[in-house]
Amino acid sequence: MVQVVKTIAGLRPLRSKLREQKAKVTLVPTMGALHAGHLSLVQQAKKISDYVLVSIFVNPTQFGPDEDFQDYPRDLNRDLSLLEESGVGLVFIPEVAEIYPAGFQTYVAVEELSQKLCVISRPSHFRGVTTVVLKLFNIVQPESAAFGQKDAQQVVIIRRMLKDLNLDVELITCPIVREPDGLALSSRNRYLNEAERKAAIILYQCLQWAKQRVEQGEACSEGILQGIKGSIEREPLARLDYAEIVDAENLSGKALVEKNSLLALAVFIGKTRLIDNMVL
Ligand code: PAF
């Protein structure tokens, strides 16, 4: 049976026991509504550690006032059975007041990297992400933590935070998991109706088209981005949030596609904002 712990105090004895056993612990932080992408993180975590701890916490501070915090999919029973099947030992499921008790006012922000890409529609998102991830690292004290490459900006920001704050946590990243037609798995795909679900493959089509262009010798970012903008404009259910070609390590814009250039996309399909990316 997967063990469920809801409080920080409840986690402490287990953490001490694992430390005594010198067990290597990997944390897989999630917001629940788990899919095969999350489970790939769990599988990777199992390969490299003695004990996998998954957290499920829909973190209010990473949602803007007009975003979907209230409506974010929550499916705890299903999540727990998936984790049980995956052989996870422990799931940490704190309440909001456990993580943000009354009077809470300390945030951590990775300043410059948080002002890129997603900032245009989610200005305080990454401050919420880094704050909760740092808190989870302090609470769980894992040796390593696993994140999905779909959230490429999140990975770059957390890597910077680890370095800047001298945190002794190894960052593990796992490749994007896709549906057979290429749509990147995301808990928010559940919001899409049938027509939107079909339209949503535009993100992957744009990434693939761009990759082909680069393989054929196109090196000018602007030309590729214009092509993507045109394709998205032609899809009636899609609206571009951003398309950028950036350095995969520091997210700075690249006029020319080079080794390690990342094409990052955010596109509204109906009301649902989806992100995806590919190294070109
Ligand atoms: O990637 C996510 O699901 C979230 O941003 C995370 C890392 C669990 C923090 O709330």
# chains A, B, ... in the order shown; residues from 1 in each chain; ligands from 1
>>> closest_atom_pairs(of="chain A", to="ligand 1", cutoff="7 Å", atoms="only C-alpha atoms and all ligand atoms", output="Markdown table")
| residue | atom | partner | partner_atom_place_in_ligand_line | distance |
| --- | --- | --- | --- | --- |
| A:Pro29 | CA | ligand 1 | 8 (C) | 4.4 |
| A:Thr30 | CA | ligand 1 | 8 (C) | 3.7 |
| A:Met31 | CA | ligand 1 | 3 (O) | 4.8 |
| A:Phe57 | CA | ligand 1 | 10 (O) | 6.6 |
| A:Val58 | CA | ligand 1 | 10 (O) | 6.4 |
| A:Asn59 | CA | ligand 1 | 10 (O) | 5.2 |
| A:Val129 | CA | ligand 1 | 9 (C) | 4.9 |
| A:Val132 | CA | ligand 1 | 10 (O) | 6.1 |
| A:Val133 | CA | ligand 1 | 9 (C) | 5.8 |
| A:Phe147 | CA | ligand 1 | 1 (O) | 6.9 |
| A:Asp151 | CA | ligand 1 | 1 (O) | 6.6 |
>>> select_by_dssp(residues="range 148-231 of chain A", states="strand (DSSP E)", output="list in words")
Gly148, Glu170, Leu171, Ile172, Thr173 and Cys174 of chain A
>>> residues_around(residues="Val54 in chain A", least_positions_apart="3", cutoff="6 Å", atoms="only C-alpha atoms", output="JSON, numbers by chain")
{"A": [27, 28, 29, 91]}
>>> write_last_selection(atoms="all heavy atoms", output="PDB file, in the first residue's frame")
ATOM      1  N   LEU A  27      12.629  12.951  -4.929  1.00  0.00           N
ATOM      2  CA  LEU A  27      11.314  13.582  -4.864  1.00  0.00           C
ATOM      3  C   LEU A  27      10.790  13.806  -6.279  1.00  0.00           C
ATOM      4  O   LEU A  27      11.517  14.301  -7.151  1.00  0.00           O
ATOM      5  CB  LEU A  27      11.437  14.934  -4.140  1.00  0.00           C
ATOM      6  CG  LEU A  27      10.209  15.848  -4.196  1.00  0.00           C
ATOM      7  CD1 LEU A  27       9.041  15.246  -3.418  1.00  0.00           C
ATOM      8  CD2 LEU A  27      10.551  17.237  -3.642  1.00  0.00           C
ATOM      9  N   VAL A  28       9.543  13.455  -6.502  1.00  0.00           N
ATOM     10  CA  VAL A  28       8.871  13.805  -7.755  1.00  0.00           C
ATOM     11  C   VAL A  28       7.734  14.769  -7.384  1.00  0.00           C
ATOM     12  O   VAL A  28       6.671  14.333  -6.949  1.00  0.00           O
ATOM     13  CB  VAL A  28       8.324  12.552  -8.478  1.00  0.00           C
ATOM     14  CG1 VAL A  28       7.672  12.952  -9.803  1.00  0.00           C
ATOM     15  CG2 VAL A  28       9.431  11.523  -8.716  1.00  0.00           C
ATOM     16  N   PRO A  29       7.975  16.080  -7.543  1.00  0.00           N
ATOM     17  CA  PRO A  29       6.915  17.022  -7.172  1.00  0.00           C
ATOM     18  C   PRO A  29       5.862  17.105  -8.278  1.00  0.00           C
ATOM     19  O   PRO A  29       6.218  17.223  -9.455  1.00  0.00           O
ATOM     20  CB  PRO A  29       7.639  18.378  -7.047  1.00  0.00           C
ATOM     21  CG  PRO A  29       9.066  18.141  -7.436  1.00  0.00           C
ATOM     22  CD  PRO A  29       9.181  16.771  -8.020  1.00  0.00           C
ATOM     23  N   VAL A  91       3.387   9.128  -0.595  1.00  0.00           N
ATOM     24  CA  VAL A  91       2.860  10.316  -1.264  1.00  0.00           C
ATOM     25  C   VAL A  91       2.602  11.377  -0.205  1.00  0.00           C
ATOM     26  O   VAL A  91       1.939  11.116   0.809  1.00  0.00           O
ATOM     27  CB  VAL A  91       1.547  10.000  -2.020  1.00  0.00           C
ATOM     28  CG1 VAL A  91       1.156  11.177  -2.897  1.00  0.00           C
ATOM     29  CG2 VAL A  91       1.707   8.765  -2.876  1.00  0.00           C
TER      30      VAL A  91
END
>>> residues_around(residues="Thr130 in chain A", least_positions_apart="2", cutoff="12 Å", atoms="only C-alpha atoms", output="ChimeraX atom specification")
/A:29,59,61-62,106-111,113-114,124-128,132-137,153-162,165
>>> residues_around(residues="Ser231 in chain A", least_positions_apart="5", cutoff="12 Å", atoms="only C-alpha atoms", output="list in words")
Ala199, Ile201, Ile202, Leu203, Tyr204, Gln205, Cys206, Leu207, Trp209, Ala210, Ile224, Leu225, Gln226, Pro236, Leu237, Ala238, Arg239, Leu240, Ala243 and Val267 of chain A
>>> write_last_selection(atoms="C-alpha atoms", output="CSV table (one decimal), in the first residue's frame")
chain,number,residue,atom,x,y,z
A,199,ALA,CA,-6.6,21.4,-33.1
A,201,ILE,CA,-1.7,18.9,-32.5
A,202,ILE,CA,-0.8,22.2,-34.1
A,203,LEU,CA,1.9,22.7,-31.4
A,204,TYR,CA,3.7,19.5,-32.3
A,205,GLN,CA,3.2,20.1,-36.0
A,206,CYS,CA,4.9,23.5,-35.7
A,207,LEU,CA,7.8,22.0,-33.7
A,209,TRP,CA,8.1,21.7,-39.2
A,210,ALA,CA,10.7,23.9,-37.5
A,224,ILE,CA,11.0,29.9,-38.6
A,225,LEU,CA,9.0,31.9,-36.1
A,226,GLN,CA,7.1,33.7,-38.9
A,236,PRO,CA,-9.2,28.9,-36.0
A,237,LEU,CA,-9.2,27.4,-32.5
A,238,ALA,CA,-5.6,28.4,-31.8
A,239,ARG,CA,-4.1,31.7,-30.6
A,240,LEU,CA,-0.4,32.2,-30.2
A,243,ALA,CA,6.9,31.3,-30.0
A,267,VAL,CA,-0.6,28.5,-27.6
>>> closest_atom_pairs(of="range 10-60 of chain A", to="range 170-191 of chain A", cutoff="9 Å", atoms="only C-alpha atoms", output="tab-separated table")
residue	atom	partner	partner_atom	distance
A:Thr26	CA	A:Glu170	CA	8.9
A:Met31	CA	A:Ser187	CA	8.9
A:Gly32	CA	A:Ser187	CA	8.1
A:Ala33	CA	A:Ser187	CA	5.7
A:Leu34	CA	A:Ser187	CA	6.8
A:His35	CA	A:Ser187	CA	7.0
A:Ala36	CA	A:Val177	CA	7.0
A:Gly37	CA	A:Val177	CA	5.2
A:His38	CA	A:Val177	CA	9.0
A:Ser40	CA	A:Cys174	CA	7.3
A:Leu41	CA	A:Cys174	CA	6.3
A:Gln44	CA	A:Cys174	CA	7.6
A:Ala45	CA	A:Ile172	CA	8.1
>>> residues_around(residues="Val25 in chain A", least_positions_apart="3", cutoff="9 Å", atoms="only C-alpha atoms", output="NGL selection string")
:A and (18-19 or 45 or 49-53 or 140-145)
>>> select_by_dssp(residues="range 14-238 of chain A", states="helix (DSSP H, G or I)", output="compact mmCIF listing (two decimals) with N, CA and C atoms, in the first residue's frame")
# COMPACT_ATOMS: atom_id res chain seq x y z
N LEU A 14 9.79 9.44 9.19
CA LEU A 14 10.14 8.62 8.04
C LEU A 14 11.45 9.12 7.41
N ARG A 15 11.57 10.43 7.36
CA ARG A 15 12.78 11.04 6.78
C ARG A 15 14.00 10.64 7.59
N SER A 16 13.84 10.66 8.94
CA SER A 16 14.98 10.29 9.80
C SER A 16 15.34 8.82 9.58
N LYS A 17 14.31 7.99 9.47
CA LYS A 17 14.57 6.55 9.27
C LYS A 17 15.33 6.33 7.96
N LEU A 18 14.89 7.01 6.91
CA LEU A 18 15.55 6.85 5.61
C LEU A 18 16.99 7.33 5.69
N ARG A 19 17.21 8.40 6.47
CA ARG A 19 18.57 8.92 6.59
C ARG A 19 19.46 7.91 7.31
N GLU A 20 18.89 7.31 8.38
CA GLU A 20 19.65 6.27 9.12
C GLU A 20 20.03 5.11 8.21
N ALA A 36 0.97 9.77 -17.97
CA ALA A 36 2.16 8.95 -18.24
C ALA A 36 3.46 9.76 -18.15
N GLY A 37 3.37 11.08 -18.36
CA GLY A 37 4.57 11.92 -18.20
C GLY A 37 5.07 11.88 -16.75
N HIS A 38 4.13 12.03 -15.80
CA HIS A 38 4.51 11.95 -14.39
C HIS A 38 5.06 10.56 -14.06
N LEU A 39 4.39 9.54 -14.63
CA LEU A 39 4.81 8.18 -14.28
C LEU A 39 6.20 7.88 -14.85
N SER A 40 6.56 8.54 -15.96
CA SER A 40 7.93 8.35 -16.49
C SER A 40 8.94 8.97 -15.52
N LEU A 41 8.55 10.05 -14.84
CA LEU A 41 9.45 10.64 -13.84
C LEU A 41 9.64 9.66 -12.67
N VAL A 42 8.52 9.02 -12.29
CA VAL A 42 8.59 8.05 -11.19
C VAL A 42 9.51 6.89 -11.58
N GLN A 43 9.37 6.41 -12.81
CA GLN A 43 10.19 5.27 -13.24
C GLN A 43 11.67 5.64 -13.26
N GLN A 44 11.97 6.84 -13.75
CA GLN A 44 13.35 7.30 -13.77
C GLN A 44 13.88 7.44 -12.33
N ALA A 45 13.04 7.98 -11.47
CA ALA A 45 13.43 8.17 -10.06
C ALA A 45 13.73 6.81 -9.42
N LYS A 46 12.90 5.82 -9.75
CA LYS A 46 13.12 4.49 -9.16
C LYS A 46 14.46 3.90 -9.59
N LYS A 47 14.84 4.20 -10.84
CA LYS A 47 16.11 3.64 -11.35
C LYS A 47 17.32 4.17 -10.58
N ILE A 48 17.22 5.43 -10.15
CA ILE A 48 18.43 6.05 -9.60
C ILE A 48 18.39 6.20 -8.08
N PRO A 60 -1.22 27.14 -4.92
CA PRO A 60 -1.96 28.35 -5.30
C PRO A 60 -1.06 29.50 -5.74
N THR A 61 0.16 29.57 -5.21
CA THR A 61 0.98 30.76 -5.50
C THR A 61 1.53 30.77 -6.93
N GLN A 62 1.39 29.68 -7.65
CA GLN A 62 1.89 29.70 -9.03
C GLN A 62 0.77 29.97 -10.05
N LEU A 76 -7.64 12.52 -6.88
CA LEU A 76 -6.73 11.90 -5.92
C LEU A 76 -6.80 10.37 -5.91
N ASN A 77 -8.01 9.84 -5.98
CA ASN A 77 -8.11 8.37 -5.90
C ASN A 77 -7.38 7.71 -7.07
N ARG A 78 -7.60 8.30 -8.26
CA ARG A 78 -6.93 7.75 -9.44
C ARG A 78 -5.42 7.92 -9.31
N ASP A 79 -4.98 9.10 -8.86
CA ASP A 79 -3.55 9.35 -8.68
C ASP A 79 -2.93 8.31 -7.75
N LEU A 80 -3.63 8.04 -6.63
CA LEU A 80 -3.06 7.11 -5.66
C LEU A 80 -2.98 5.70 -6.23
N SER A 81 -4.00 5.30 -7.01
CA SER A 81 -3.88 3.94 -7.55
C SER A 81 -2.78 3.86 -8.60
N LEU A 82 -2.61 4.93 -9.39
CA LEU A 82 -1.50 4.92 -10.37
C LEU A 82 -0.14 4.83 -9.65
N LEU A 83 -0.02 5.56 -8.54
CA LEU A 83 1.26 5.56 -7.83
C LEU A 83 1.50 4.21 -7.15
N GLU A 84 0.43 3.65 -6.64
CA GLU A 84 0.52 2.32 -6.04
C GLU A 84 1.03 1.31 -7.08
N GLU A 85 0.40 1.34 -8.27
CA GLU A 85 0.82 0.42 -9.35
C GLU A 85 2.27 0.66 -9.74
N VAL A 96 -3.27 23.34 1.72
CA VAL A 96 -2.67 24.65 1.45
C VAL A 96 -2.14 25.29 2.74
N ALA A 97 -2.90 25.15 3.84
CA ALA A 97 -2.49 25.81 5.10
C ALA A 97 -1.23 25.16 5.70
N GLU A 98 -0.94 23.95 5.30
CA GLU A 98 0.29 23.29 5.79
C GLU A 98 1.52 23.93 5.13
N ILE A 99 1.38 24.27 3.87
CA ILE A 99 2.50 24.85 3.12
C ILE A 99 2.54 26.37 3.29
N LEU A 113 15.61 34.87 -15.19
CA LEU A 113 15.04 33.75 -15.97
C LEU A 113 13.51 33.69 -15.85
N SER A 114 12.99 34.22 -14.75
CA SER A 114 11.52 34.23 -14.59
C SER A 114 10.86 35.31 -15.43
N GLN A 115 11.67 36.21 -15.97
CA GLN A 115 11.12 37.32 -16.78
C GLN A 115 11.13 37.00 -18.27
N LEU A 117 9.96 34.14 -21.60
CA LEU A 117 8.95 33.20 -22.14
C LEU A 117 7.57 33.36 -21.47
N CYS A 118 7.27 32.50 -20.51
CA CYS A 118 5.90 32.47 -19.95
C CYS A 118 5.51 33.73 -19.21
N VAL A 119 6.48 34.61 -18.94
CA VAL A 119 6.16 35.81 -18.16
C VAL A 119 5.05 36.63 -18.81
N ILE A 120 4.95 36.58 -20.15
CA ILE A 120 3.98 37.47 -20.79
C ILE A 120 2.55 37.15 -20.37
N HIS A 125 4.09 33.47 -12.04
CA HIS A 125 4.05 31.99 -11.99
C HIS A 125 5.31 31.39 -11.37
N PHE A 126 6.47 31.79 -11.87
CA PHE A 126 7.70 31.09 -11.45
C PHE A 126 8.11 31.43 -10.02
N ARG A 127 7.70 32.59 -9.54
CA ARG A 127 7.96 32.92 -8.13
C ARG A 127 7.22 31.89 -7.25
N GLY A 128 6.02 31.55 -7.67
CA GLY A 128 5.26 30.53 -6.93
C GLY A 128 5.88 29.15 -7.05
N VAL A 129 6.38 28.84 -8.25
CA VAL A 129 6.99 27.52 -8.47
C VAL A 129 8.27 27.40 -7.62
N THR A 130 9.15 28.39 -7.72
CA THR A 130 10.43 28.26 -6.99
C THR A 130 10.19 28.26 -5.48
N THR A 131 9.22 29.04 -5.04
CA THR A 131 8.94 29.06 -3.60
C THR A 131 8.47 27.68 -3.13
N VAL A 132 7.53 27.09 -3.85
CA VAL A 132 7.02 25.80 -3.37
C VAL A 132 8.06 24.70 -3.55
N VAL A 133 8.83 24.77 -4.62
CA VAL A 133 9.84 23.71 -4.83
C VAL A 133 10.92 23.80 -3.75
N LEU A 134 11.33 25.01 -3.42
CA LEU A 134 12.32 25.15 -2.34
C LEU A 134 11.74 24.63 -1.02
N LYS A 135 10.49 24.96 -0.76
CA LYS A 135 9.86 24.47 0.48
C LYS A 135 9.82 22.94 0.48
N LEU A 136 9.44 22.35 -0.66
CA LEU A 136 9.38 20.88 -0.73
C LEU A 136 10.77 20.27 -0.54
N PHE A 137 11.78 20.92 -1.10
CA PHE A 137 13.15 20.42 -0.91
C PHE A 137 13.52 20.48 0.58
N ASN A 138 13.15 21.55 1.24
CA ASN A 138 13.48 21.68 2.66
C ASN A 138 12.70 20.67 3.51
N ILE A 139 11.47 20.43 3.13
CA ILE A 139 10.61 19.52 3.91
C ILE A 139 11.06 18.06 3.71
N VAL A 140 11.28 17.70 2.45
CA VAL A 140 11.56 16.29 2.12
C VAL A 140 13.06 15.98 2.22
N ALA A 152 10.21 23.37 -19.84
CA ALA A 152 11.64 23.63 -20.04
C ALA A 152 12.10 24.85 -19.23
N GLN A 153 11.27 25.89 -19.20
CA GLN A 153 11.68 27.09 -18.45
C GLN A 153 11.75 26.78 -16.95
N GLN A 154 10.80 25.99 -16.49
CA GLN A 154 10.81 25.60 -15.07
C GLN A 154 12.12 24.87 -14.72
N VAL A 155 12.54 23.98 -15.62
CA VAL A 155 13.77 23.21 -15.36
C VAL A 155 14.98 24.16 -15.27
N VAL A 156 15.06 25.10 -16.23
CA VAL A 156 16.20 26.03 -16.25
C VAL A 156 16.20 26.87 -14.96
N ILE A 157 15.02 27.31 -14.56
CA ILE A 157 14.91 28.16 -13.37
C ILE A 157 15.27 27.38 -12.10
N ILE A 158 14.80 26.15 -12.01
CA ILE A 158 15.11 25.37 -10.80
C ILE A 158 16.60 25.04 -10.76
N ARG A 159 17.18 24.76 -11.93
CA ARG A 159 18.62 24.50 -11.95
C ARG A 159 19.40 25.72 -11.43
N ARG A 160 18.96 26.89 -11.86
CA ARG A 160 19.62 28.15 -11.41
C ARG A 160 19.44 28.34 -9.90
N MET A 161 18.22 28.06 -9.42
CA MET A 161 17.97 28.22 -7.98
C MET A 161 18.86 27.29 -7.17
N LEU A 162 19.01 26.04 -7.64
CA LEU A 162 19.85 25.08 -6.92
C LEU A 162 21.28 25.61 -6.80
N LYS A 163 21.75 26.18 -7.92
CA LYS A 163 23.11 26.70 -7.96
C LYS A 163 23.23 27.95 -7.07
N ASP A 164 22.32 28.88 -7.27
CA ASP A 164 22.40 30.16 -6.56
C ASP A 164 22.27 29.99 -5.05
N SER A 187 -1.73 17.74 -17.77
CA SER A 187 -2.99 17.61 -17.01
C SER A 187 -4.05 18.50 -17.62
N ARG A 188 -3.64 19.60 -18.24
CA ARG A 188 -4.61 20.54 -18.81
C ARG A 188 -5.22 20.05 -20.13
N ASN A 189 -4.67 18.98 -20.71
CA ASN A 189 -5.30 18.43 -21.92
C ASN A 189 -6.74 18.00 -21.63
N ARG A 190 -7.03 17.72 -20.36
CA ARG A 190 -8.39 17.32 -19.98
C ARG A 190 -9.42 18.41 -20.26
N TYR A 191 -8.96 19.65 -20.35
CA TYR A 191 -9.90 20.75 -20.59
C TYR A 191 -10.40 20.79 -22.04
N GLU A 194 -13.57 17.92 -28.04
CA GLU A 194 -13.12 17.07 -29.15
C GLU A 194 -12.44 17.88 -30.26
N ALA A 195 -13.08 19.00 -30.62
CA ALA A 195 -12.53 19.82 -31.71
C ALA A 195 -11.19 20.44 -31.28
N GLU A 196 -11.13 20.89 -30.02
CA GLU A 196 -9.89 21.50 -29.51
C GLU A 196 -8.78 20.46 -29.43
N ARG A 197 -9.16 19.24 -29.03
CA ARG A 197 -8.15 18.19 -28.92
C ARG A 197 -7.49 17.95 -30.29
N LYS A 198 -8.34 17.99 -31.34
CA LYS A 198 -7.78 17.81 -32.70
C LYS A 198 -6.89 18.98 -33.06
N ALA A 199 -7.36 20.19 -32.73
CA ALA A 199 -6.59 21.40 -33.08
C ALA A 199 -5.27 21.47 -32.34
N ILE A 202 -1.50 21.16 -33.42
CA ILE A 202 -0.77 22.24 -34.11
C ILE A 202 0.58 22.53 -33.42
N LEU A 203 0.64 22.40 -32.10
CA LEU A 203 1.90 22.71 -31.41
C LEU A 203 3.00 21.77 -31.90
N TYR A 204 2.70 20.47 -31.88
CA TYR A 204 3.71 19.49 -32.27
C TYR A 204 4.03 19.62 -33.76
N GLN A 205 2.99 19.91 -34.55
CA GLN A 205 3.23 20.08 -35.99
C GLN A 205 4.20 21.24 -36.23
N CYS A 206 4.03 22.32 -35.49
CA CYS A 206 4.93 23.48 -35.65
C CYS A 206 6.36 23.11 -35.24
N LEU A 207 6.49 22.37 -34.14
CA LEU A 207 7.83 21.98 -33.69
C LEU A 207 8.51 21.11 -34.74
N GLN A 208 7.73 20.16 -35.26
CA GLN A 208 8.31 19.25 -36.24
C GLN A 208 8.68 19.97 -37.54
N TRP A 209 7.80 20.88 -37.95
CA TRP A 209 8.06 21.65 -39.16
C TRP A 209 9.35 22.45 -38.98
N ALA A 210 9.51 23.06 -37.80
CA ALA A 210 10.70 23.86 -37.53
C ALA A 210 11.96 22.99 -37.57
N LYS A 211 11.84 21.83 -36.96
CA LYS A 211 13.01 20.93 -36.93
C LYS A 211 13.41 20.54 -38.35
N GLN A 212 12.41 20.27 -39.19
CA GLN A 212 12.70 19.91 -40.58
C GLN A 212 13.39 21.06 -41.31
N ARG A 213 12.86 22.28 -41.10
CA ARG A 213 13.45 23.45 -41.74
C ARG A 213 14.93 23.58 -41.36
N VAL A 214 15.21 23.36 -40.08
CA VAL A 214 16.60 23.47 -39.61
C VAL A 214 17.46 22.38 -40.25
N GLU A 215 16.89 21.18 -40.33
CA GLU A 215 17.64 20.08 -40.95
C GLU A 215 17.90 20.35 -42.43
N SER A 221 16.21 32.39 -37.18
CA SER A 221 15.10 32.16 -36.24
C SER A 221 13.84 32.87 -36.70
N GLU A 222 14.01 34.13 -37.18
CA GLU A 222 12.85 34.93 -37.55
C GLU A 222 12.00 34.23 -38.62
N GLY A 223 12.68 33.66 -39.63
CA GLY A 223 11.96 32.97 -40.70
C GLY A 223 11.15 31.81 -40.13
N ILE A 224 11.75 31.05 -39.24
CA ILE A 224 11.05 29.90 -38.65
C ILE A 224 9.86 30.38 -37.81
N LEU A 225 10.10 31.43 -37.02
CA LEU A 225 9.03 31.91 -36.14
C LEU A 225 7.87 32.49 -36.94
N GLN A 226 8.20 33.16 -38.06
CA GLN A 226 7.12 33.69 -38.92
C GLN A 226 6.27 32.55 -39.48
N GLY A 227 6.94 31.48 -39.89
CA GLY A 227 6.22 30.31 -40.42
C GLY A 227 5.28 29.74 -39.36
N ILE A 228 5.76 29.67 -38.13
CA ILE A 228 4.93 29.12 -37.04
C ILE A 228 3.73 30.05 -36.78
N LYS A 229 4.01 31.36 -36.75
CA LYS A 229 2.91 32.31 -36.50
C LYS A 229 1.82 32.14 -37.56
N GLY A 230 2.25 31.99 -38.83
CA GLY A 230 1.30 31.81 -39.93
C GLY A 230 0.46 30.56 -39.72
N SER A 231 1.10 29.44 -39.38
CA SER A 231 0.35 28.18 -39.19
C SER A 231 -0.66 28.33 -38.07
N ILE A 232 -0.26 28.99 -37.00
CA ILE A 232 -1.17 29.09 -35.85
C ILE A 232 -2.33 30.03 -36.18
N GLU A 233 -2.04 31.07 -36.95
CA GLU A 233 -3.13 31.96 -37.37
C GLU A 233 -4.15 31.22 -38.24
N ARG A 234 -3.67 30.25 -39.01
CA ARG A 234 -4.60 29.53 -39.91
C ARG A 234 -5.45 28.50 -39.15
>>> closest_residue(among="A:Lys116, A:Asn250, A:Lys24, A:Gly64", to="Val169 in chain A", atoms="only C-alpha atoms")
A:Lys24
>>> atom_distance(atom1="CA of Asp71 in chain A", atom2="CA of Thr272 in chain A")
11.8 Å
>>> atom_distance(atom1="CA of Asn193 in chain A", atom2="CA of Lys150 in chain A")
21.7 Å
